[in-house]
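The file start30.txt contains compact mmCIF, N, CA, C and O atoms:
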```txt
# COMPACT_ATOMS: atom_id res chain seq x y z
N MET A 1 162.33 6.38 29.71
CA MET A 1 163.53 6.53 30.49
C MET A 1 163.22 6.33 31.98
O MET A 1 162.11 6.58 32.42
N ILE A 2 164.23 5.92 32.68
CA ILE A 2 164.08 5.70 34.11
C ILE A 2 164.15 7.05 34.81
O ILE A 2 165.03 7.86 34.54
N ASN A 3 163.21 7.28 35.70
CA ASN A 3 163.20 8.49 36.49
C ASN A 3 164.13 8.27 37.68
O ASN A 3 163.72 7.75 38.73
N ILE A 4 165.39 8.64 37.49
CA ILE A 4 166.42 8.39 38.50
C ILE A 4 166.09 9.11 39.81
O ILE A 4 166.32 8.57 40.89
N THR A 5 165.52 10.30 39.71
CA THR A 5 165.17 11.06 40.91
C THR A 5 164.12 10.31 41.73
O THR A 5 164.27 10.17 42.96
N ALA A 6 163.08 9.83 41.06
CA ALA A 6 162.04 9.09 41.77
C ALA A 6 162.60 7.80 42.36
O ALA A 6 162.27 7.43 43.50
N LEU A 7 163.45 7.12 41.60
CA LEU A 7 164.05 5.88 42.09
C LEU A 7 164.94 6.17 43.30
O LEU A 7 164.88 5.46 44.31
N SER A 8 165.72 7.23 43.21
CA SER A 8 166.58 7.62 44.33
C SER A 8 165.74 7.97 45.56
O SER A 8 166.10 7.60 46.69
N ASP A 9 164.64 8.66 45.35
CA ASP A 9 163.76 9.02 46.46
C ASP A 9 163.21 7.78 47.17
O ASP A 9 163.01 7.80 48.39
N MET A 10 162.96 6.73 46.41
CA MET A 10 162.45 5.49 47.01
C MET A 10 163.44 4.89 48.00
O MET A 10 163.06 4.18 48.92
N PHE A 11 164.73 5.20 47.77
CA PHE A 11 165.78 4.66 48.63
C PHE A 11 166.45 5.77 49.45
O PHE A 11 167.63 5.68 49.78
N ASP A 12 165.66 6.80 49.77
CA ASP A 12 166.12 7.90 50.60
C ASP A 12 167.45 8.49 50.13
O ASP A 12 168.32 8.83 50.94
N GLY A 13 167.60 8.57 48.81
CA GLY A 13 168.79 9.20 48.24
C GLY A 13 170.03 8.34 48.24
O GLY A 13 171.13 8.83 47.95
N ASP A 14 169.89 7.06 48.54
CA ASP A 14 171.04 6.15 48.57
C ASP A 14 171.46 5.81 47.14
O ASP A 14 170.99 4.85 46.54
N ILE A 15 172.36 6.60 46.60
CA ILE A 15 172.79 6.47 45.21
C ILE A 15 173.47 5.13 44.96
O ILE A 15 173.33 4.54 43.89
N GLU A 16 174.21 4.63 45.93
CA GLU A 16 174.88 3.33 45.76
C GLU A 16 173.86 2.21 45.58
O GLU A 16 174.06 1.31 44.76
N CYS A 17 172.78 2.28 46.31
CA CYS A 17 171.72 1.28 46.18
C CYS A 17 171.08 1.38 44.80
O CYS A 17 170.83 0.37 44.14
N VAL A 18 170.84 2.61 44.35
CA VAL A 18 170.26 2.84 43.02
C VAL A 18 171.19 2.28 41.95
O VAL A 18 170.75 1.59 41.03
N LYS A 19 172.47 2.57 42.07
CA LYS A 19 173.45 2.06 41.09
C LYS A 19 173.47 0.54 41.07
O LYS A 19 173.57 -0.07 40.01
N GLU A 20 173.38 -0.05 42.24
CA GLU A 20 173.38 -1.51 42.33
C GLU A 20 172.14 -2.09 41.63
O GLU A 20 172.23 -3.07 40.89
N LEU A 21 170.98 -1.49 41.87
CA LEU A 21 169.75 -1.94 41.22
C LEU A 21 169.83 -1.80 39.70
O LEU A 21 169.43 -2.70 38.96
N LEU A 22 170.34 -0.66 39.25
CA LEU A 22 170.47 -0.43 37.81
C LEU A 22 171.44 -1.42 37.18
O LEU A 22 171.19 -1.94 36.09
N GLY A 23 172.53 -1.69 37.88
CA GLY A 23 173.50 -2.67 37.39
C GLY A 23 172.89 -4.06 37.30
O GLY A 23 173.12 -4.79 36.34
N LEU A 24 172.09 -4.41 38.29
CA LEU A 24 171.42 -5.71 38.29
C LEU A 24 170.43 -5.80 37.13
O LEU A 24 170.34 -6.83 36.45
N TYR A 25 169.68 -4.71 36.90
CA TYR A 25 168.76 -4.70 35.76
C TYR A 25 169.54 -4.95 34.46
O TYR A 25 169.13 -5.78 33.64
N LEU A 26 170.63 -4.23 34.29
CA LEU A 26 171.40 -4.35 33.06
C LEU A 26 171.97 -5.76 32.90
O LEU A 26 171.91 -6.34 31.82
N GLU A 27 172.45 -6.31 33.99
CA GLU A 27 173.01 -7.66 33.97
C GLU A 27 171.96 -8.70 33.57
O GLU A 27 172.23 -9.60 32.77
N CYS A 28 170.77 -8.55 34.08
CA CYS A 28 169.70 -9.53 33.83
C CYS A 28 168.97 -9.31 32.51
O CYS A 28 168.35 -10.24 32.00
N ASN A 29 169.03 -8.10 31.97
CA ASN A 29 168.22 -7.78 30.80
C ASN A 29 169.00 -7.21 29.63
O ASN A 29 168.42 -6.64 28.71
N ALA A 30 170.31 -7.38 29.65
CA ALA A 30 171.15 -6.82 28.59
C ALA A 30 170.75 -7.33 27.20
O ALA A 30 170.88 -6.60 26.22
N ASP A 31 170.26 -8.54 27.14
CA ASP A 31 169.92 -9.13 25.84
C ASP A 31 168.41 -9.19 25.58
O ASP A 31 167.95 -9.91 24.70
N ALA A 32 167.65 -8.39 26.31
CA ALA A 32 166.19 -8.44 26.19
C ALA A 32 165.71 -8.14 24.77
O ALA A 32 164.82 -8.83 24.25
N ALA A 33 166.28 -7.14 24.12
CA ALA A 33 165.85 -6.78 22.77
C ALA A 33 166.11 -7.92 21.80
O ALA A 33 165.28 -8.22 20.94
N THR A 34 167.24 -8.58 21.95
CA THR A 34 167.59 -9.71 21.09
C THR A 34 166.65 -10.89 21.36
O THR A 34 166.20 -11.56 20.43
N THR A 35 166.34 -11.11 22.63
CA THR A 35 165.43 -12.19 23.00
C THR A 35 164.04 -11.93 22.43
O THR A 35 163.40 -12.85 21.90
N ILE A 36 163.59 -10.69 22.52
CA ILE A 36 162.28 -10.33 21.95
C ILE A 36 162.28 -10.60 20.45
O ILE A 36 161.34 -11.20 19.92
N GLU A 37 163.33 -10.20 19.79
CA GLU A 37 163.42 -10.40 18.33
C GLU A 37 163.38 -11.88 17.98
O GLU A 37 162.69 -12.30 17.04
N ALA A 38 164.10 -12.70 18.73
CA ALA A 38 164.12 -14.14 18.47
C ALA A 38 162.73 -14.75 18.63
O ALA A 38 162.28 -15.53 17.78
N HIS A 39 162.04 -14.39 19.70
CA HIS A 39 160.70 -14.93 19.93
C HIS A 39 159.69 -14.38 18.92
O HIS A 39 158.77 -15.09 18.52
N TYR A 40 159.88 -13.14 18.53
CA TYR A 40 158.99 -12.55 17.54
C TYR A 40 159.16 -13.26 16.20
O TYR A 40 158.17 -13.58 15.53
N SER A 41 160.38 -13.53 15.82
CA SER A 41 160.63 -14.16 14.51
C SER A 41 160.11 -15.59 14.46
O SER A 41 159.76 -16.08 13.39
N THR A 42 160.02 -16.25 15.62
CA THR A 42 159.47 -17.61 15.64
C THR A 42 157.99 -17.63 16.02
O THR A 42 157.41 -18.70 16.19
N GLN A 43 157.42 -16.42 16.20
CA GLN A 43 156.00 -16.28 16.53
C GLN A 43 155.64 -16.99 17.84
O GLN A 43 154.54 -17.54 17.98
N ASP A 44 156.56 -16.98 18.79
CA ASP A 44 156.36 -17.64 20.08
C ASP A 44 155.72 -16.66 21.06
O ASP A 44 156.40 -15.97 21.83
N THR A 45 154.40 -16.60 21.03
CA THR A 45 153.68 -15.63 21.86
C THR A 45 153.85 -15.92 23.36
O THR A 45 153.91 -14.98 24.16
N GLU A 46 153.93 -17.17 23.72
CA GLU A 46 154.09 -17.51 25.14
C GLU A 46 155.43 -17.00 25.67
O GLU A 46 155.50 -16.39 26.75
N ALA A 47 156.49 -17.21 24.92
CA ALA A 47 157.81 -16.73 25.34
C ALA A 47 157.85 -15.20 25.34
O ALA A 47 158.44 -14.59 26.24
N LEU A 48 157.21 -14.58 24.35
CA LEU A 48 157.14 -13.12 24.33
C LEU A 48 156.43 -12.60 25.56
O LEU A 48 156.87 -11.63 26.18
N PHE A 49 155.32 -13.24 25.90
CA PHE A 49 154.58 -12.83 27.09
C PHE A 49 155.49 -12.84 28.31
O PHE A 49 155.50 -11.88 29.09
N HIS A 50 156.26 -13.90 28.49
CA HIS A 50 157.13 -14.00 29.66
C HIS A 50 158.21 -12.91 29.68
O HIS A 50 158.49 -12.33 30.72
N VAL A 51 158.79 -12.62 28.51
CA VAL A 51 159.79 -11.55 28.44
C VAL A 51 159.15 -10.20 28.77
O VAL A 51 159.68 -9.43 29.57
N PHE A 52 158.00 -9.92 28.14
CA PHE A 52 157.33 -8.64 28.40
C PHE A 52 156.88 -8.53 29.86
O PHE A 52 156.99 -7.46 30.46
N HIS A 53 156.39 -9.62 30.42
CA HIS A 53 155.94 -9.61 31.81
C HIS A 53 157.11 -9.29 32.75
O HIS A 53 156.98 -8.46 33.66
N THR A 54 158.23 -9.93 32.52
CA THR A 54 159.43 -9.69 33.33
C THR A 54 159.90 -8.24 33.19
O THR A 54 160.19 -7.57 34.19
N LEU A 55 159.95 -7.76 31.96
CA LEU A 55 160.39 -6.39 31.72
C LEU A 55 159.44 -5.37 32.34
O LEU A 55 159.89 -4.38 32.92
N SER A 56 158.15 -5.59 32.21
CA SER A 56 157.20 -4.61 32.75
C SER A 56 157.35 -4.52 34.27
O SER A 56 157.32 -3.42 34.84
N GLY A 57 157.54 -5.64 34.92
CA GLY A 57 157.74 -5.62 36.37
C GLY A 57 159.05 -4.97 36.77
O GLY A 57 159.09 -4.11 37.65
N SER A 58 160.12 -5.37 36.10
CA SER A 58 161.44 -4.82 36.42
C SER A 58 161.49 -3.32 36.20
O SER A 58 161.96 -2.56 37.05
N LEU A 59 161.02 -2.90 35.04
CA LEU A 59 161.11 -1.48 34.71
C LEU A 59 160.13 -0.63 35.53
O LEU A 59 160.44 0.51 35.87
N SER A 60 158.99 -1.19 35.88
CA SER A 60 158.06 -0.47 36.77
C SER A 60 158.73 -0.21 38.12
O SER A 60 158.62 0.89 38.67
N ASN A 61 159.40 -1.22 38.63
CA ASN A 61 160.08 -1.08 39.91
C ASN A 61 161.23 -0.09 39.86
O ASN A 61 161.65 0.44 40.89
N LEU A 62 161.75 0.16 38.66
CA LEU A 62 162.85 1.12 38.49
C LEU A 62 162.35 2.51 38.08
O LEU A 62 163.14 3.35 37.68
N CYS A 63 161.05 2.73 38.17
CA CYS A 63 160.45 4.04 37.87
C CYS A 63 160.63 4.43 36.40
O CYS A 63 160.78 5.62 36.09
N GLU A 64 160.57 3.46 35.50
CA GLU A 64 160.64 3.75 34.07
C GLU A 64 159.26 4.24 33.65
O GLU A 64 158.25 3.65 34.03
N GLU A 65 159.22 5.31 32.87
CA GLU A 65 157.94 5.95 32.60
C GLU A 65 157.47 5.86 31.15
O GLU A 65 156.28 6.03 30.89
N ASP A 66 158.35 5.60 30.21
CA ASP A 66 157.98 5.66 28.79
C ASP A 66 157.72 4.28 28.18
O ASP A 66 156.73 4.10 27.46
N ALA A 67 158.58 3.34 28.46
CA ALA A 67 158.47 2.02 27.83
C ALA A 67 157.44 1.12 28.50
O ALA A 67 156.83 0.29 27.83
N VAL A 68 157.25 1.28 29.79
CA VAL A 68 156.37 0.36 30.53
C VAL A 68 154.97 0.27 29.93
O VAL A 68 154.46 -0.84 29.72
N PRO A 69 154.31 1.39 29.61
CA PRO A 69 152.97 1.26 29.02
C PRO A 69 152.99 0.49 27.69
O PRO A 69 152.08 -0.30 27.42
N LEU A 70 154.01 0.69 26.89
CA LEU A 70 154.13 -0.01 25.61
C LEU A 70 154.38 -1.50 25.83
O LEU A 70 153.81 -2.35 25.13
N ILE A 71 155.23 -1.80 26.78
CA ILE A 71 155.54 -3.20 27.10
C ILE A 71 154.31 -3.89 27.66
O ILE A 71 154.01 -5.04 27.30
N ARG A 72 153.57 -3.21 28.51
CA ARG A 72 152.34 -3.80 29.08
C ARG A 72 151.30 -4.08 28.00
O ARG A 72 150.60 -5.08 28.05
N GLU A 73 151.22 -3.18 27.03
CA GLU A 73 150.29 -3.40 25.92
C GLU A 73 150.70 -4.65 25.13
O GLU A 73 149.87 -5.51 24.84
N ALA A 74 151.98 -4.76 24.82
CA ALA A 74 152.48 -5.94 24.09
C ALA A 74 152.34 -7.20 24.94
O ALA A 74 152.05 -8.28 24.42
N GLU A 75 152.51 -7.06 26.23
CA GLU A 75 152.33 -8.19 27.15
C GLU A 75 150.89 -8.72 27.06
O GLU A 75 150.66 -9.92 26.97
N GLY A 76 149.93 -7.81 27.09
CA GLY A 76 148.52 -8.21 26.99
C GLY A 76 148.20 -8.87 25.67
O GLY A 76 147.47 -9.87 25.62
N ILE A 77 148.75 -8.34 24.60
CA ILE A 77 148.52 -8.92 23.27
C ILE A 77 149.08 -10.34 23.21
O ILE A 77 148.40 -11.27 22.78
N SER A 78 150.31 -10.50 23.68
CA SER A 78 150.94 -11.83 23.61
C SER A 78 150.28 -12.81 24.58
O SER A 78 150.21 -14.01 24.30
N LYS A 79 149.76 -12.31 25.69
CA LYS A 79 149.06 -13.18 26.64
C LYS A 79 147.82 -13.79 25.99
O LYS A 79 147.45 -14.92 26.30
N ARG A 80 147.19 -13.04 25.09
CA ARG A 80 146.02 -13.55 24.36
C ARG A 80 146.41 -14.50 23.22
O ARG A 80 145.55 -14.97 22.49
N GLY A 81 147.71 -14.74 23.07
CA GLY A 81 148.17 -15.63 22.01
C GLY A 81 148.30 -14.94 20.67
O GLY A 81 148.43 -15.60 19.64
N GLU A 82 148.30 -13.62 20.68
CA GLU A 82 148.44 -12.85 19.45
C GLU A 82 149.84 -12.22 19.40
O GLU A 82 150.51 -12.10 20.42
N MET A 83 150.23 -11.81 18.21
CA MET A 83 151.53 -11.18 18.04
C MET A 83 151.39 -9.66 18.03
O MET A 83 150.54 -9.13 17.32
N PRO A 84 152.22 -8.98 18.82
CA PRO A 84 152.26 -7.52 18.69
C PRO A 84 152.71 -7.17 17.27
O PRO A 84 153.33 -7.98 16.58
N SER A 85 152.42 -5.96 16.85
CA SER A 85 152.82 -5.55 15.50
C SER A 85 154.33 -5.35 15.44
O SER A 85 154.99 -5.17 16.47
N ARG A 86 154.85 -5.38 14.23
CA ARG A 86 156.27 -5.12 14.03
C ARG A 86 156.63 -3.75 14.58
O ARG A 86 157.69 -3.56 15.19
N GLN A 87 155.75 -2.78 14.37
CA GLN A 87 156.00 -1.43 14.85
C GLN A 87 156.10 -1.40 16.38
O GLN A 87 156.98 -0.73 16.94
N GLN A 88 155.23 -2.12 17.06
CA GLN A 88 155.29 -2.18 18.52
C GLN A 88 156.61 -2.77 18.99
O GLN A 88 157.23 -2.24 19.91
N ILE A 89 157.03 -3.84 18.35
CA ILE A 89 158.30 -4.48 18.71
C ILE A 89 159.45 -3.51 18.49
O ILE A 89 160.33 -3.36 19.36
N ASP A 90 159.46 -2.84 17.35
CA ASP A 90 160.54 -1.90 17.04
C ASP A 90 160.62 -0.77 18.06
O ASP A 90 161.71 -0.41 18.52
N VAL A 91 159.47 -0.23 18.43
CA VAL A 91 159.45 0.88 19.39
C VAL A 91 159.93 0.41 20.76
O VAL A 91 160.72 1.09 21.43
N ILE A 92 159.50 -0.76 21.18
CA ILE A 92 159.94 -1.32 22.46
C ILE A 92 161.45 -1.54 22.44
O ILE A 92 162.16 -1.18 23.39
N GLN A 93 161.96 -2.08 21.36
CA GLN A 93 163.40 -2.32 21.26
C GLN A 93 164.18 -1.00 21.30
O GLN A 93 165.24 -0.92 21.91
N GLN A 94 163.65 0.03 20.67
CA GLN A 94 164.30 1.35 20.73
C GLN A 94 164.34 1.87 22.16
O GLN A 94 165.37 2.39 22.62
N HIS A 95 163.24 1.72 22.87
CA HIS A 95 163.20 2.15 24.27
C HIS A 95 164.19 1.35 25.11
O HIS A 95 164.89 1.92 25.96
N LEU A 96 164.25 0.04 24.89
CA LEU A 96 165.17 -0.79 25.66
C LEU A 96 166.62 -0.37 25.41
O LEU A 96 167.44 -0.37 26.33
N SER A 97 166.92 -0.01 24.18
CA SER A 97 168.26 0.46 23.86
C SER A 97 168.58 1.76 24.60
O SER A 97 169.68 1.92 25.16
N LYS A 98 167.64 2.68 24.62
CA LYS A 98 167.83 3.95 25.33
C LYS A 98 167.98 3.72 26.83
O LYS A 98 168.79 4.37 27.50
N ILE A 99 167.19 2.81 27.36
CA ILE A 99 167.27 2.49 28.79
C ILE A 99 168.63 1.89 29.12
O ILE A 99 169.26 2.27 30.11
N ALA A 100 169.09 0.97 28.29
CA ALA A 100 170.40 0.35 28.51
C ALA A 100 171.51 1.40 28.49
O ALA A 100 172.43 1.36 29.31
N GLU A 101 171.39 2.34 27.57
CA GLU A 101 172.38 3.43 27.51
C GLU A 101 172.31 4.29 28.77
O GLU A 101 173.35 4.62 29.35
N GLN A 102 171.10 4.64 29.19
CA GLN A 102 170.93 5.45 30.39
C GLN A 102 171.51 4.72 31.61
O GLN A 102 172.23 5.32 32.41
N VAL A 103 171.20 3.45 31.72
CA VAL A 103 171.68 2.67 32.87
C VAL A 103 173.19 2.55 32.84
O VAL A 103 173.86 2.71 33.86
N SER A 104 173.76 2.31 31.67
CA SER A 104 175.21 2.19 31.55
C SER A 104 175.92 3.47 31.99
O SER A 104 176.99 3.41 32.61
N LEU A 105 175.32 4.60 31.70
CA LEU A 105 175.91 5.88 32.08
C LEU A 105 175.71 6.18 33.56
O LEU A 105 176.42 7.01 34.13
N SER A 106 174.75 5.50 34.19
CA SER A 106 174.41 5.79 35.59
C SER A 106 175.12 4.89 36.58
O SER A 106 175.15 5.20 37.76
N VAL A 107 175.63 3.75 36.12
CA VAL A 107 176.25 2.82 37.08
C VAL A 107 177.75 3.01 37.17
O VAL A 107 178.37 3.63 36.42
```
Represent the structure from my file as structure tokens, please.
Amino acid sequence: MINITALSDMFDGDIECVKELLGLYLECNADAATTIEAHYSTQDTEALFHVFHTLSGSLSNLCEEDAVPLIREAEGISKRGEMPSRQQIDVIQQHLSKIAEQVSLSV
């Protein structure tokens, strides 16, 4: 989950700025779980790497604390040209769903 307090602190408590950032994340990544699934089903490790790399950067910047380590692990695996396990993909997708819900409630 995103640590809203830490994110807010980064912007000196400017809640409107935080809401704008969260909205932008949601706009750009609303279909991330579906995209991951599509690339996983076609075994496209290069495309998976790019999705995971983008997500790890975006979510790190938003003070997300739970999914980022899992995404970074999958990013490293896919960067080596290997496929993350089905379980890893499922857990990441669950986290992305929770994050999307959290963000939707926050904006």
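Summary of the local environment: counting all atoms listed in the file, residues at most 7 Å from segment 101-103 of chain A, other than itself and those fewer than 3 positions away along its chain, are A:Lys19, A:Leu22, A:Gly23, A:His95, A:Leu96, A:Ser97, A:Lys98, A:Ser106, A:Val107.
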Can you pull out every residue within 10 Å of Ala47 of chain A, counting only C-alpha atoms, but drop anything in the same chain fewer than 3 positions away, and send it as a PyMOL selection string? chain A and resi 35-36+38-40+42-44+50-53+78-79
Using atom C of Ile71 of chain A and atom C of Asp12 of chain A as the two end points, give the distance in Å to one decimal. 28.8 Å
Give the answer as one residue: which of A:Gln88, A:Ser104, A:Ser56, A:Thr34 has the shortest atom-to-atom distance to Arg72 of chain A, using only N, CA, C and O atoms? A:Ser56
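Atom O of Glu27 of chain A sits 22.3 Å away from atom CA of Asp14 of chain A.
Atom CA of Val91 of chain A sits 21.7 Å away from atom CA of Ile4 of chain A.
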I'd like the neighbourhood of Gly81 of chain A as a PyMOL selection string, where a residue qualifies if any of its atoms comes within 7 Å (using all atoms listed in the file), though same-chain residues fewer than 3 positions away should be ignored. chain A and resi 43+45-46+75-78
Nearest to Glu82 of chain A, restricted to all atoms listed in the file and choosing among A:Leu7, A:Leu21, A:Met1, A:Leu48, comes out as A:Leu48
For segment 7-18 of chain A, supply all heavy atoms and format the output as a short mmCIF file (atom, residue, chain, number, x, y, z; two decimals), in the coordinates of the input.
```cif
data_model
loop_
_atom_site.label_atom_id
_atom_site.label_comp_id
_atom_site.auth_asym_id
_atom_site.auth_seq_id
_atom_site.Cartn_x
_atom_site.Cartn_y
_atom_site.Cartn_z
N LEU A 7 163.45 7.12 41.60
CA LEU A 7 164.05 5.88 42.09
C LEU A 7 164.94 6.17 43.30
O LEU A 7 164.88 5.46 44.31
CB LEU A 7 164.87 5.22 40.97
CG LEU A 7 165.51 3.89 41.28
CD1 LEU A 7 164.47 2.85 41.68
CD2 LEU A 7 166.32 3.41 40.08
N SER A 8 165.72 7.23 43.21
CA SER A 8 166.58 7.62 44.33
C SER A 8 165.74 7.97 45.56
O SER A 8 166.10 7.60 46.69
CB SER A 8 167.45 8.80 43.92
OG SER A 8 168.25 9.23 44.99
N ASP A 9 164.64 8.66 45.35
CA ASP A 9 163.76 9.02 46.46
C ASP A 9 163.21 7.78 47.17
O ASP A 9 163.01 7.80 48.39
CB ASP A 9 162.61 9.90 45.98
CG ASP A 9 163.06 11.30 45.60
OD1 ASP A 9 164.22 11.69 45.91
OD2 ASP A 9 162.26 12.02 44.96
N MET A 10 162.96 6.73 46.41
CA MET A 10 162.45 5.49 47.01
C MET A 10 163.44 4.89 48.00
O MET A 10 163.06 4.18 48.92
CB MET A 10 162.14 4.45 45.92
CG MET A 10 160.90 4.74 45.13
SD MET A 10 160.63 3.60 43.74
CE MET A 10 160.84 2.00 44.47
N PHE A 11 164.73 5.20 47.77
CA PHE A 11 165.78 4.66 48.63
C PHE A 11 166.45 5.77 49.45
O PHE A 11 167.63 5.68 49.78
CB PHE A 11 166.80 3.90 47.78
CG PHE A 11 166.22 2.67 47.16
CD1 PHE A 11 165.73 2.71 45.87
CD2 PHE A 11 166.12 1.50 47.88
CE1 PHE A 11 165.15 1.58 45.30
CE2 PHE A 11 165.55 0.37 47.32
CZ PHE A 11 165.05 0.40 46.03
N ASP A 12 165.66 6.80 49.77
CA ASP A 12 166.12 7.90 50.60
C ASP A 12 167.45 8.49 50.13
O ASP A 12 168.32 8.83 50.94
CB ASP A 12 166.23 7.47 52.07
CG ASP A 12 164.89 7.08 52.66
OD1 ASP A 12 163.88 7.74 52.32
OD2 ASP A 12 164.83 6.12 53.45
N GLY A 13 167.60 8.57 48.81
CA GLY A 13 168.79 9.20 48.24
C GLY A 13 170.03 8.34 48.24
O GLY A 13 171.13 8.83 47.95
N ASP A 14 169.89 7.06 48.54
CA ASP A 14 171.04 6.15 48.57
C ASP A 14 171.46 5.81 47.14
O ASP A 14 170.99 4.85 46.54
CB ASP A 14 170.69 4.89 49.35
CG ASP A 14 171.87 3.95 49.55
OD1 ASP A 14 172.89 4.10 48.86
OD2 ASP A 14 171.76 3.05 50.40
N ILE A 15 172.36 6.60 46.60
CA ILE A 15 172.79 6.47 45.21
C ILE A 15 173.47 5.13 44.96
O ILE A 15 173.33 4.54 43.89
CB ILE A 15 173.71 7.64 44.81
CG1 ILE A 15 172.95 8.97 44.92
CG2 ILE A 15 174.29 7.47 43.42
CD1 ILE A 15 171.72 9.05 44.04
N GLU A 16 174.21 4.63 45.93
CA GLU A 16 174.88 3.33 45.76
C GLU A 16 173.86 2.21 45.58
O GLU A 16 174.06 1.31 44.76
CB GLU A 16 175.82 3.04 46.93
CG GLU A 16 177.06 3.91 46.94
CD GLU A 16 177.83 3.88 45.62
OE1 GLU A 16 178.08 2.78 45.09
OE2 GLU A 16 178.16 4.97 45.12
N CYS A 17 172.78 2.28 46.31
CA CYS A 17 171.72 1.28 46.18
C CYS A 17 171.08 1.38 44.80
O CYS A 17 170.83 0.37 44.14
CB CYS A 17 170.68 1.48 47.27
SG CYS A 17 169.38 0.23 47.28
N VAL A 18 170.84 2.61 44.35
CA VAL A 18 170.26 2.84 43.02
C VAL A 18 171.19 2.28 41.95
O VAL A 18 170.75 1.59 41.03
CB VAL A 18 169.97 4.34 42.80
CG1 VAL A 18 169.63 4.63 41.34
CG2 VAL A 18 168.85 4.80 43.72
#
```
